[in-house]
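Enquirer: Compact mmCIF, C-alpha atoms, saved as model_5.txt, coming up:
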# COMPACT_ATOMS: atom_id res chain seq x y z
CA MET J 280 45.86 102.57 26.98
CA ALA J 281 48.00 104.36 29.59
CA ASP J 282 45.40 107.11 29.97
CA ASP J 283 42.37 104.83 29.71
CA ILE J 284 40.32 104.36 32.88
CA GLY J 285 37.73 101.83 34.01
CA PHE J 286 34.84 102.48 36.38
CA ILE J 287 32.71 99.64 37.75
CA GLY J 288 29.53 100.44 39.65
CA ILE J 289 27.74 103.57 38.41
CA GLY J 290 24.87 103.63 40.88
CA ASN J 291 23.79 106.66 42.93
CA MET J 292 27.33 107.57 44.01
CA GLY J 293 29.35 106.03 41.20
CA TYR J 294 27.38 107.79 38.48
CA GLY J 295 28.52 111.27 39.50
CA MET J 296 32.03 110.07 40.34
CA ALA J 297 32.46 108.47 36.92
CA GLY J 298 30.96 111.55 35.28
CA ASN J 299 33.66 113.74 36.80
CA ILE J 300 36.33 111.30 35.68
CA ARG J 301 35.07 111.50 32.10
CA LYS J 302 34.96 115.30 32.21
CA LYS J 303 38.49 115.68 33.58
CA MET J 304 40.48 112.84 31.98
CA PRO J 305 42.18 113.43 28.59
CA SER J 306 39.50 113.87 25.94
CA GLY J 307 41.12 111.30 23.66
CA ALA J 308 41.35 108.59 26.32
CA THR J 309 38.61 105.99 26.75
CA LEU J 310 36.49 105.49 29.85
CA TYR J 311 35.24 101.91 30.25
CA VAL J 312 32.15 101.57 32.45
CA ASN J 313 30.29 98.58 33.82
CA ASP J 314 27.21 98.14 35.99
CA VAL J 315 24.72 95.35 36.58
CA VAL J 316 21.98 97.72 35.35
CA LEU J 317 22.71 98.09 31.63
CA PRO J 318 20.24 100.98 31.05
CA THR J 319 22.21 103.02 33.59
CA CYS J 320 25.36 102.47 31.52
CA GLU J 321 23.51 103.51 28.38
CA ARG J 322 22.19 106.66 30.03
CA PHE J 323 25.70 107.46 31.25
CA VAL J 324 27.07 107.19 27.69
CA ARG J 325 24.36 109.53 26.42
CA GLU J 326 24.99 112.09 29.17
CA PHE J 327 28.79 112.14 29.22
CA GLY J 328 29.79 110.85 25.80
CA GLY J 329 30.36 114.39 24.56
CA PHE J 330 33.42 114.67 26.81
CA GLY J 331 35.22 111.75 25.15
CA PRO J 332 34.86 108.08 24.25
CA ILE J 333 32.97 105.80 26.63
CA ILE J 334 32.72 102.04 26.13
CA ILE J 335 30.49 99.74 28.16
CA GLY J 336 32.76 96.92 29.30
CA GLU J 337 31.37 93.40 29.49
CA THR J 338 33.26 92.19 32.57
CA PRO J 339 35.83 93.42 35.13
CA ARG J 340 38.46 91.19 33.51
CA LYS J 341 37.90 92.68 30.06
CA ILE J 342 38.06 96.21 31.46
CA ALA J 343 41.32 95.35 33.24
CA GLU J 344 42.74 94.20 29.90
CA LYS J 345 42.18 97.72 28.53
CA ALA J 346 42.68 100.17 31.41
CA LYS J 347 45.67 100.82 33.65
CA THR J 348 43.52 102.48 36.34
CA ILE J 349 40.19 101.12 37.55
CA ILE J 350 37.79 102.49 40.15
CA THR J 351 35.10 100.37 41.78
CA MET J 352 32.07 101.63 43.71
CA LEU J 353 29.87 98.71 44.76
CA PRO J 354 27.10 98.06 47.31
CA ALA J 355 28.82 95.62 49.68
CA GLY J 356 31.70 93.26 50.28
CA ILE J 357 30.04 90.35 48.47
CA GLN J 358 29.95 92.30 45.18
CA VAL J 359 33.51 93.54 45.68
CA ARG J 360 34.76 89.98 46.13
CA GLN J 361 32.94 88.92 42.96
CA VAL J 362 34.50 91.71 40.90
CA TYR J 363 38.03 91.23 42.21
CA LEU J 364 38.43 87.55 43.04
CA GLU J 365 35.65 85.21 41.97
CA GLY J 366 35.08 83.54 38.61
CA ASN J 367 36.49 83.90 35.12
CA ALA J 368 35.20 87.47 34.77
CA SER J 369 37.09 88.86 37.81
CA PHE J 370 40.19 91.04 37.94
CA LEU J 371 42.13 88.04 39.21
CA GLN J 372 41.80 86.47 35.75
CA ALA J 373 43.17 89.53 33.93
CA PRO J 374 46.75 89.55 32.63
CA ALA J 375 49.38 90.36 35.25
CA ASP J 376 50.31 94.05 35.41
CA LYS J 377 52.22 95.41 38.38
CA ASP J 378 51.45 98.98 37.26
CA ARG J 379 47.68 98.52 37.35
CA LEU J 380 45.98 100.73 39.96
CA LEU J 381 42.76 99.46 41.52
CA LEU J 382 40.94 102.08 43.61
CA GLU J 383 38.20 100.51 45.71
CA CYS J 384 35.76 103.20 46.90
CA SER J 385 33.04 100.99 48.39
CA THR J 386 32.35 100.81 52.12
CA ILE J 387 33.09 97.19 53.03
CA GLU J 388 34.68 95.10 55.77
CA VAL J 389 38.29 95.99 56.58
CA ASN J 390 39.32 92.33 56.56
CA THR J 391 37.76 91.82 53.12
CA ALA J 392 39.76 94.74 51.75
CA LYS J 393 42.98 93.41 53.26
CA GLU J 394 42.38 89.96 51.80
CA ILE J 395 41.65 91.34 48.34
CA GLY J 396 44.63 93.70 48.45
CA ARG J 397 47.05 90.93 49.41
CA THR J 398 45.63 88.48 46.86
CA VAL J 399 45.77 90.98 43.99
CA LEU J 400 49.32 92.03 44.85
CA GLU J 401 50.64 88.48 45.28
CA ALA J 402 49.09 87.49 41.94
CA GLY J 403 50.85 90.39 40.21
CA LYS J 404 47.57 91.95 39.07
CA GLY J 405 48.32 95.43 40.39
CA THR J 406 48.00 97.57 43.51
CA TYR J 407 44.69 97.64 45.37
CA ILE J 408 43.99 100.70 47.54
CA ASP J 409 40.93 101.14 49.73
CA ALA J 410 39.61 104.68 49.22
CA PRO J 411 36.08 105.04 50.62
CA VAL J 412 34.24 108.34 50.26
CA SER J 413 32.03 110.68 52.24
CA GLY J 414 29.77 113.53 51.18
CA GLY J 415 26.72 112.00 49.54
CA VAL J 416 25.25 112.01 46.05
CA LYS J 417 25.41 115.78 45.56
CA ALA J 418 29.11 115.93 46.39
CA ALA J 419 29.70 112.97 44.06
CA ALA J 420 28.07 114.88 41.21
CA ALA J 421 29.90 118.10 42.09
CA GLY J 422 33.28 116.39 42.38
CA THR J 423 33.76 117.56 45.98
CA LEU J 424 33.77 114.27 47.90
CA SER J 425 36.03 113.52 50.84
CA PHE J 426 38.27 110.45 50.47
CA MET J 427 39.90 108.32 53.17
CA VAL J 428 42.78 106.44 51.58
CA GLY J 429 44.43 103.29 52.90
CA ALA J 430 47.94 104.15 51.71
CA ASP J 431 50.84 106.49 52.45
CA GLY J 432 50.42 110.04 51.19
CA PRO J 433 52.22 110.94 47.94
CA GLY J 434 54.51 113.37 49.71
CA GLU J 435 55.74 110.93 52.35
CA GLN J 436 59.26 109.51 52.16
CA ASP J 437 58.25 105.86 51.72
CA SER J 438 55.36 106.55 49.37
CA SER J 439 55.43 104.85 45.95
CA PRO J 440 54.75 106.53 42.58
CA ILE J 441 51.45 104.67 42.34
CA ASN J 442 50.21 106.56 45.40
CA ARG J 443 50.78 109.81 43.49
CA ARG J 444 48.67 108.34 40.68
CA ALA J 445 46.02 107.48 43.22
CA PHE J 446 45.95 111.04 44.54
CA ASP J 447 45.75 112.51 41.03
CA MET J 448 42.90 110.15 40.10
CA ILE J 449 40.99 110.77 43.33
CA SER J 450 41.37 114.53 42.88
CA MET J 451 39.18 114.29 39.77
CA MET J 452 36.32 113.23 42.06
CA ALA J 453 37.17 115.11 45.24
CA ASP J 454 38.05 118.32 46.95
CA PRO J 455 41.84 117.74 47.08
CA ALA J 456 41.96 119.33 50.54
CA LYS J 457 39.68 116.52 51.73
CA VAL J 458 41.78 113.65 50.40
CA ILE J 459 43.43 112.18 53.49
CA PHE J 460 45.89 109.29 53.37
CA ALA J 461 45.54 107.13 56.48
CA GLY J 462 48.56 104.82 56.12
CA GLN J 463 48.45 101.10 55.40
CA LEU J 464 45.93 98.94 53.53
CA GLY J 465 42.55 98.94 55.29
CA THR J 466 43.01 102.15 57.26
CA GLY J 467 40.90 104.17 54.85
CA LEU J 468 37.98 101.84 55.53
CA ALA J 469 38.64 101.81 59.27
CA ALA J 470 38.38 105.60 59.25
CA LYS J 471 35.21 105.54 57.10
CA ILE J 472 33.52 103.05 59.41
CA ALA J 473 34.38 105.22 62.42
CA ASN J 474 32.99 108.26 60.58
CA ASN J 475 29.76 106.45 59.73
CA TYR J 476 29.33 105.34 63.32
CA ILE J 477 29.38 108.98 64.41
CA ALA J 478 27.27 110.24 61.50
CA PHE J 479 24.32 107.86 61.82
CA CYS J 480 24.22 107.88 65.61
CA THR J 481 24.34 111.68 65.51
CA SER J 482 21.57 111.82 62.90
CA LEU J 483 19.29 109.65 65.03
CA ALA J 484 20.13 111.54 68.23
CA THR J 485 19.34 114.79 66.41
CA ALA J 486 15.96 113.45 65.24
CA GLU J 487 15.06 112.36 68.77
CA ALA J 488 16.26 115.60 70.36
CA MET J 489 14.48 117.79 67.79
CA SER J 490 11.31 115.79 68.43
CA ILE J 491 11.61 116.50 72.15
CA GLY J 492 12.15 120.21 71.53
CA VAL J 493 9.28 120.58 69.06
CA ARG J 494 6.88 118.57 71.22
CA SER J 495 7.87 120.81 74.14
CA GLY J 496 6.67 123.86 72.23
CA VAL J 497 9.74 125.21 70.40
CA GLU J 498 9.05 126.26 66.80
CA PRO J 499 11.08 123.95 64.48
CA LYS J 500 13.04 126.66 62.65
CA THR J 501 13.83 128.40 65.94
CA LEU J 502 15.03 125.14 67.47
CA PHE J 503 17.16 124.48 64.39
CA ASN J 504 18.80 127.91 64.65
CA ILE J 505 19.47 127.50 68.37
CA ILE J 506 21.17 124.13 67.94
CA ARG J 507 23.13 125.33 64.91
CA ALA J 508 24.57 128.09 67.13
CA SER J 509 25.29 125.72 70.00
CA THR J 510 27.28 122.61 70.90
CA GLY J 511 24.69 120.24 69.44
CA ASP J 512 25.43 121.39 65.88
CA SER J 513 26.53 118.79 63.29
CA TRP J 514 26.96 118.21 59.57
CA HIS J 515 23.73 116.22 59.48
CA LEU J 516 21.74 118.98 61.15
CA GLY J 517 23.06 121.64 58.80
CA ILE J 518 22.81 119.69 55.55
CA LYS J 519 20.20 116.98 56.16
CA PRO J 520 17.89 118.03 59.02
CA CYS J 521 15.16 115.51 59.72
CA ILE J 522 12.40 118.14 59.92
CA PRO J 523 10.88 119.32 56.62
CA ASP J 524 10.97 122.88 55.30
CA ILE J 525 14.07 124.06 57.16
CA VAL J 526 16.78 123.38 54.56
CA PRO J 527 15.15 123.47 51.08
CA THR J 528 17.62 121.02 49.49
CA ALA J 529 17.39 118.43 52.28
CA PRO J 530 15.58 115.14 51.58
CA SER J 531 13.11 115.96 54.37
CA SER J 532 12.01 119.08 52.47
CA ASN J 533 11.46 117.04 49.33
CA GLY J 534 9.21 114.25 50.54
CA TYR J 535 12.22 112.48 52.08
CA ALA J 536 13.52 111.73 48.59
CA PRO J 537 16.13 109.02 49.15
CA ALA J 538 19.77 110.07 49.16
CA PHE J 539 20.67 107.26 51.58
CA LYS J 540 18.00 104.68 52.34
CA PRO J 541 17.59 103.02 55.76
CA PHE J 542 18.88 99.63 54.56
CA MET J 543 22.16 101.30 53.63
CA VAL J 544 22.49 102.65 57.16
CA VAL J 545 21.81 99.15 58.48
CA LYS J 546 24.66 97.83 56.35
CA ASP J 547 27.10 100.52 57.44
CA LEU J 548 26.22 100.27 61.14
CA GLY J 549 26.60 96.51 60.81
CA LEU J 550 30.16 97.11 59.64
CA ALA J 551 30.69 99.36 62.65
CA LEU J 552 29.46 96.67 65.03
CA GLU J 553 31.72 94.10 63.39
CA ALA J 554 34.71 96.44 63.69
CA ALA J 555 33.85 97.09 67.32
CA ARG J 556 33.81 93.38 68.11
CA GLU J 557 37.15 92.90 66.37
CA THR J 558 38.75 95.74 68.35
CA GLY J 559 37.23 94.93 71.75
CA ILE J 560 34.90 97.94 71.94
CA GLU J 561 31.29 97.70 73.19
CA PRO J 562 29.30 99.77 70.64
CA ARG J 563 26.38 100.91 72.80
CA CYS J 564 25.27 103.84 70.64
CA ALA J 565 25.44 101.99 67.33
CA THR J 566 23.64 98.95 68.77
CA ALA J 567 20.70 101.11 69.82
CA ALA J 568 20.68 103.12 66.58
CA LEU J 569 20.75 99.98 64.47
CA GLU J 570 17.42 98.80 65.88
CA THR J 571 15.66 102.01 64.84
CA TYR J 572 17.12 102.01 61.34
CA LYS J 573 16.27 98.31 60.97
CA LYS J 574 12.67 99.11 61.84
CA ALA J 575 12.58 101.88 59.23
CA SER J 576 14.11 99.57 56.61
CA GLN J 577 11.42 96.94 57.23
CA LEU J 578 8.36 99.20 57.10
CA THR J 579 6.88 99.71 53.63
CA ARG J 580 6.08 103.36 54.31
CA TYR J 581 9.69 104.20 55.21
CA LYS J 582 12.03 101.72 53.54
CA ASP J 583 12.27 103.60 50.23
CA LEU J 584 12.59 107.05 51.80
CA ASP J 585 15.76 108.77 52.96
CA CYS J 586 17.15 107.57 56.28
CA THR J 587 16.23 110.92 57.88
CA ALA J 588 12.61 109.73 57.71
CA VAL J 589 13.34 108.13 61.10
CA TRP J 590 11.91 111.47 62.29
CA LEU J 591 8.51 110.25 61.08
CA LEU J 592 8.98 106.87 62.75
CA ILE J 593 10.01 108.44 66.05
CA ASN J 594 6.98 110.71 66.16
CA GLU J 595 4.63 108.01 64.93
CA LYS J 596 5.65 105.83 67.89
CA ALA J 597 5.59 108.68 70.43
CA SER J 598 2.84 109.05 72.97
CA PRO J 599 0.39 111.94 72.48
CA ASN J 600 2.03 115.30 73.05
CA PRO J 601 1.16 116.37 76.60
CA GLY J 602 1.18 119.97 75.42
CA THR J 603 -1.81 119.30 73.13
CA GLN J 604 -4.03 117.74 75.78
Go ahead and express the file in the form of structure tokens.

Expert:
Amino acid sequence: MADDIGFIGIGNMGYGMAGNIRKKMPSGATLYVNDVVLPTCERFVREFGGFGPIIIGETPRKIAEKAKTIITMLPAGIQVRQVYLEGNASFLQAPADKDRLLLECSTIEVNTAKEIGRTVLEAGKGTYIDAPVSGGVKAAAAGTLSFMVGADGPGEQDSSPINRRAFDMISMMADPAKVIFAGQLGTGLAAKIANNYIAFCTSLATAEAMSIGVRSGVEPKTLFNIIRASTGDSWHLGIKPCIPDIVPTAPSSNGYAPAFKPFMVVKDLGLALEAARETGIEPRCATAALETYKKASQLTRYKDLDCTAVWLLINEKASPNPGTQ
């Protein structure tokens, strides 16, 4: 049981993360998985069962009865609360175990994470650490995610042994050089929300700016190369440019195949706006960006595409190109 691990939420991100856990954990230890979509669990067992035993757990509580370490990767705060706190199937109903490690990798409200962490600790159910991720589905599958961890680093003087366990567990899913401990409970999420604010505003600004350049007569690939060599460069431009046929692996070059749908951006920018209100900041950029992503999430032709399809929305709404008249 000491080496057994639980993983709850094997959706787009969690699937690859849990797969890396199964590959790298001791071959004789059991991985317990749970997801609301049972066929996904069954597919996961078929794909990764050759690396060691995998059991589909019925509920969070039952998984917590078997595993000392549990990772959760869920869509939003409401699902996280259900798994940790609400009802007879939650972690809160599991036997007390001060050595249980609960790594919460979802992107949720900071206050929700703090409430859950305090409740779990006071009930003696274990240690809850917020550890949101960045890098996307491909990095999740490759085991090269970045992690922002709401705890003291394992090498710091006041750090507890469980934080070393957290680092070792996270390193199965991450590039260890990109595992950054931010301090106290909730700071991992605060950092992730700040990162997402920058990322999605930058992505939209890039789509608008590239539209201006292309409609002014600059060939798309040439414009891409110029910005990549200049101060407007960004991770989103280099990895996920909004214009098709520049980066072959980008969603835009593959029919805007969804890696991160517009509704997910709406959720994450909503968290940024909430954090801004709580800290007294006026979030001008995120407020404007949110309206565009909301529009994309509501339109049938865009809602199931990748969020970089805002490029299509921007150019659909634009006036006729003066250069073509």

Enquirer: Find the residues near Asn442 (chain J): any atom within 9 Å, counting all atoms listed in the file, skip ones fewer than 5 places away on the same chain, and give them as a list in words.

Expert: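 The contact residues come out as Ile408, Ala430, Asp431, Gly432, Pro433 and Asp447 of chain J.
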
Enquirer: Identify, on the basis of only C-alpha atoms, every residue whose closest approach to Leu382 (chain J) does not exceed 8 Å; exclude the query and any residue fewer than 5 positions from it along the same chain; express the result as a count of residues only.

Expert: 9

Enquirer: Counting all atoms listed in the file, give me one row per residue of region 431-494 of chain J with an atom at most 9 Å from an atom of region 299-307 of chain J, showing the shortest contact pair and its distance in Å to one decimal, sorted by chain then residue number, as JSON lines.

Expert:
{"residue": "J:Met448", "atom": "CA", "partner": "J:Ile300", "partner_atom": "CA", "distance": 8.0}
{"residue": "J:Ile449", "atom": "CA", "partner": "J:Ile300", "partner_atom": "CA", "distance": 9.0}
{"residue": "J:Met451", "atom": "CA", "partner": "J:Ile300", "partner_atom": "CA", "distance": 5.8}
{"residue": "J:Met452", "atom": "CA", "partner": "J:Asn299", "partner_atom": "CA", "distance": 5.9}

Enquirer: Go ahead and save the residues from that selection, with C-alpha atoms, as an mmCIF file, in the coordinates of the input.

Expert:
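So the final result, stored in result01.cif, reads:
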data_model
loop_
_atom_site.group_PDB
_atom_site.id
_atom_site.type_symbol
_atom_site.label_atom_id
_atom_site.label_comp_id
_atom_site.auth_asym_id
_atom_site.auth_seq_id
_atom_site.Cartn_x
_atom_site.Cartn_y
_atom_site.Cartn_z
ATOM 1 C CA MET J 448 42.900 110.150 40.100
ATOM 2 C CA ILE J 449 40.990 110.770 43.330
ATOM 3 C CA MET J 451 39.180 114.290 39.770
ATOM 4 C CA MET J 452 36.320 113.230 42.060
#

Enquirer: Quick one: distance from CA of Phe539 (chain J) to CA of Cys586 (chain J) in Å, one decimal?

Expert: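 So the two atoms, CA of Phe539 (chain J) and CA of Cys586 (chain J), lie 5.9 Å apart.
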
Enquirer: Which residue out of J:Met427, J:Leu468, J:Ile287, J:Ala375 has the minimum interatomic distance to Gln358 (chain J) when only C-alpha atoms are used?

Expert: J:Ile287

Enquirer: Which residue gives the smallest distance to Lys500 (chain J) among J:Ile472, J:Ala536, J:Val526, J:Val316, with all atoms listed in the file counted?

Expert: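 Counting all atoms listed in the file, the residue closest to Lys500 (chain J) is J:Val526.
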
Enquirer: I need the residue nearest Ala488 (chain J) from this list: J:Arg556, J:Trp590, J:Gly549, J:Val416. Use all atoms listed in the file for the distance.

Expert: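 Comparing J:Arg556, J:Trp590, J:Gly549, J:Val416 against Ala488 (chain J), the winner is J:Trp590.
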